[in-house]
Amino acid sequence: MADAVPPTKKQVAAVAIGNALEFYDFTTYAYFATQIGQTFFPSKTPFFSLMASLAAFGIGFAARPVGAIVFGAYGDRAGRKPAMLACFALMGIAILLLACTPSFATIGFAAPVLVIIARLLQGLAVGGDVGPTSAFLLEAAPENRRGFYTALQYSTQGISTLCGGLVGVVLSSVLDAHALAAYGWRIAFLLGAIILPVGFLMRRSLPETLFAEDSTYAVASDARLPWRPMVLGFFMLGGATIGFYVIAYLTTFASQVLHMKTNVAFAATVVFGLANIVFSALAGALSDRFGRWPMMVFPRLMFAVAVWPFFALLVARRDTATLLATAFVLGALSQMSVTGFVALSEALPKQTRCAALATTYALAITVFGGTTQLAVTWLIHVTGSPMAPAWYLLAGAIMGLVAMALMDETAPRVLRQRARAAAASASA
């Protein structure tokens, strides 16, 4: 049986860094969608090339529920650590295949086929990794830091966004458009492939949390699947996913629709990544003190209010300052409500937490994440309105807000405070 020694902060950091690497390799595709489309899906019409590229990006999401079910069940049976290591190895194979596939001009239709296979493998890997990673973070946390530890799942996704944006800024600044499309985007993927073995070795030293005695306050104490929080979690995570991928789409939106410089467009991704890193962790920490419910509902309400005016200002001005302000403010408010993910994690029983959490997350990501950028691109094309992303983003924000408002409070500190207050009232 695996070691039951509590994980150290260094080991928790290893899990968080590994999560950032997984998401860097999966999401970097979105930032180079235009260049990848030119390489593997050439067309006389740039719109169709971009749509084909984004469709291939979305295909990766279709495999995420399969990965979640397979590796989630494995993580609940064999342990969090072996499931994380298996997902890492699969991601390494996928990223190398994607980076090294010859262009359509070189091998014809075999090129897009190989790209689609690589995206499916990436989807299996990242879909499978979310469950064991999140379960490990929650189970490794001291009771009074569970919100902060679990929020690292999203905060480290911000690291991947930041790194992807920085790589894009550097490559688009030193390479011309032809070189960026020819081989520049491959450099971004190869960087991820080179670093993956480091993360794999870091994760090999982890203890196992599945078999350790659970000393934390258990919100869910039996092995039955709590369908109510899972259904609410699906729509809650769906709204958050739409928010993430529309804001991540600002890079493509700024360059293709607003006709801003490529390096400036990539800067929006950098700013979004910074907001993600800081405000996800901040929200998790604050939720340990004030509870999960207020820290997910009120920021999401503020986000919904801010969407339209910021997009309207960006479309009207089309300058660097407005683009970066939009990415930062919307990114910060969007990520402040990641405590909904913490609440969902706490509401699931430990015996099935890995599979249930991964499956709920992956289904939401597949339905909403895999289609968001494709839908937004299509809406802009058919309506002719650059404000189409704002309408889509607002609809997702409202959907997520309703689900969050219906979610129960799960923070141990808040639940105990309520229990003491109820006992005091009953004895009075």
# chains A, B, ... in the order shown; residues from 1 in each chain; ligands from 1

call {"tool": "closest_atom_pairs", "arguments": {"of": "region 352-414 of chain A", "to": "region 286-291 of chain A", "cutoff": "9 Å", "atoms": "only C-alpha atoms", "output": "Markdown table"}}
result
| residue | atom | partner | partner_atom | distance |
| --- | --- | --- | --- | --- |
| A:Glu409 | CA | A:Gly291 | CA | 6.9 |
| A:Thr410 | CA | A:Gly291 | CA | 7.6 |
| A:Ala411 | CA | A:Gly291 | CA | 5.4 |
| A:Pro412 | CA | A:Asp288 | CA | 8.3 |
| A:Arg413 | CA | A:Asp288 | CA | 7.3 |
| A:Val414 | CA | A:Gly291 | CA | 5.9 |

call {"tool": "residues_around", "arguments": {"residues": "Thr372 (chain A)", "least_positions_apart": "6", "cutoff": "8 Å", "atoms": "only C-alpha atoms", "output": "list in words"}}
result
Ile242, Tyr245 and Val246 of chain A

call {"tool": "write_last_selection", "arguments": {"atoms": "N, CA and C atoms", "output": "PDB file, in the first residue's frame"}}
result
ATOM      1  N   ILE A 242     -16.699  28.894 -20.293  1.00  0.00           N
ATOM      2  CA  ILE A 242     -16.984  29.882 -21.337  1.00  0.00           C
ATOM      3  C   ILE A 242     -16.207  31.158 -21.056  1.00  0.00           C
ATOM      4  N   TYR A 245     -12.354  30.603 -21.900  1.00  0.00           N
ATOM      5  CA  TYR A 245     -11.977  30.473 -23.307  1.00  0.00           C
ATOM      6  C   TYR A 245     -12.366  31.680 -24.155  1.00  0.00           C
ATOM      7  N   VAL A 246     -13.372  32.451 -23.735  1.00  0.00           N
ATOM      8  CA  VAL A 246     -13.641  33.702 -24.457  1.00  0.00           C
ATOM      9  C   VAL A 246     -12.539  34.711 -24.154  1.00  0.00           C
TER      10      VAL A 246
END

call {"tool": "closest_residue", "arguments": {"among": "A:Val231, A:Leu313, A:Ala347, A:Leu301", "to": "Ile398 (chain A)", "atoms": "only C-alpha atoms"}}
result
A:Leu301

call {"tool": "select_by_dssp", "arguments": {"residues": "region 252-383 of chain A", "states": "alpha helix (DSSP H)", "output": "ChimeraX atom specification"}}
result
/A:252-256,262-290,292-317,320-335,339-347,353-364,370-383

call {"tool": "closest_atom_pairs", "arguments": {"of": "region 171-262 of chain A", "to": "region 90-105 of chain A", "cutoff": "10 Å", "atoms": "only C-alpha atoms", "output": "CSV"}}
result
residue,atom,partner,partner_atom,distance
A:Ala182,CA,A:Ser103,CA,8.7
A:Tyr183,CA,A:Ala99,CA,9.3
A:Trp185,CA,A:Ala99,CA,8.3
A:Arg186,CA,A:Ala99,CA,5.1
A:Ile187,CA,A:Ala99,CA,7.8
A:Ala188,CA,A:Ala99,CA,8.6
A:Phe189,CA,A:Ala99,CA,5.7
A:Leu190,CA,A:Ala99,CA,6.2
A:Leu191,CA,A:Ala99,CA,9.8
A:Gly192,CA,A:Ile95,CA,7.6
A:Ala193,CA,A:Gly92,CA,6.1
A:Ile194,CA,A:Gly92,CA,9.0
A:Ile195,CA,A:Gly92,CA,9.6
A:Leu196,CA,A:Gly92,CA,6.6
A:Pro197,CA,A:Gly92,CA,8.0
A:Phe200,CA,A:Gly92,CA,9.7

call {"tool": "closest_atom_pairs", "arguments": {"of": "region 278-389 of chain A", "to": "region 269-273 of chain A", "cutoff": "8 Å", "atoms": "only C-alpha atoms", "output": "JSON lines"}}
result
{"residue": "A:Leu324", "atom": "CA", "partner": "A:Val271", "partner_atom": "CA", "distance": 6.4}
{"residue": "A:Ala327", "atom": "CA", "partner": "A:Phe272", "partner_atom": "CA", "distance": 5.2}
{"residue": "A:Phe328", "atom": "CA", "partner": "A:Phe272", "partner_atom": "CA", "distance": 5.4}
{"residue": "A:Gly331", "atom": "CA", "partner": "A:Phe272", "partner_atom": "CA", "distance": 5.4}
{"residue": "A:Ala332", "atom": "CA", "partner": "A:Phe272", "partner_atom": "CA", "distance": 7.7}

call {"tool": "closest_residue", "arguments": {"among": "A:Glu346, A:Ala265, A:Pro299, A:Ala33", "to": "Asp319 (chain A)", "atoms": "only C-alpha atoms"}}
result
A:Ala265
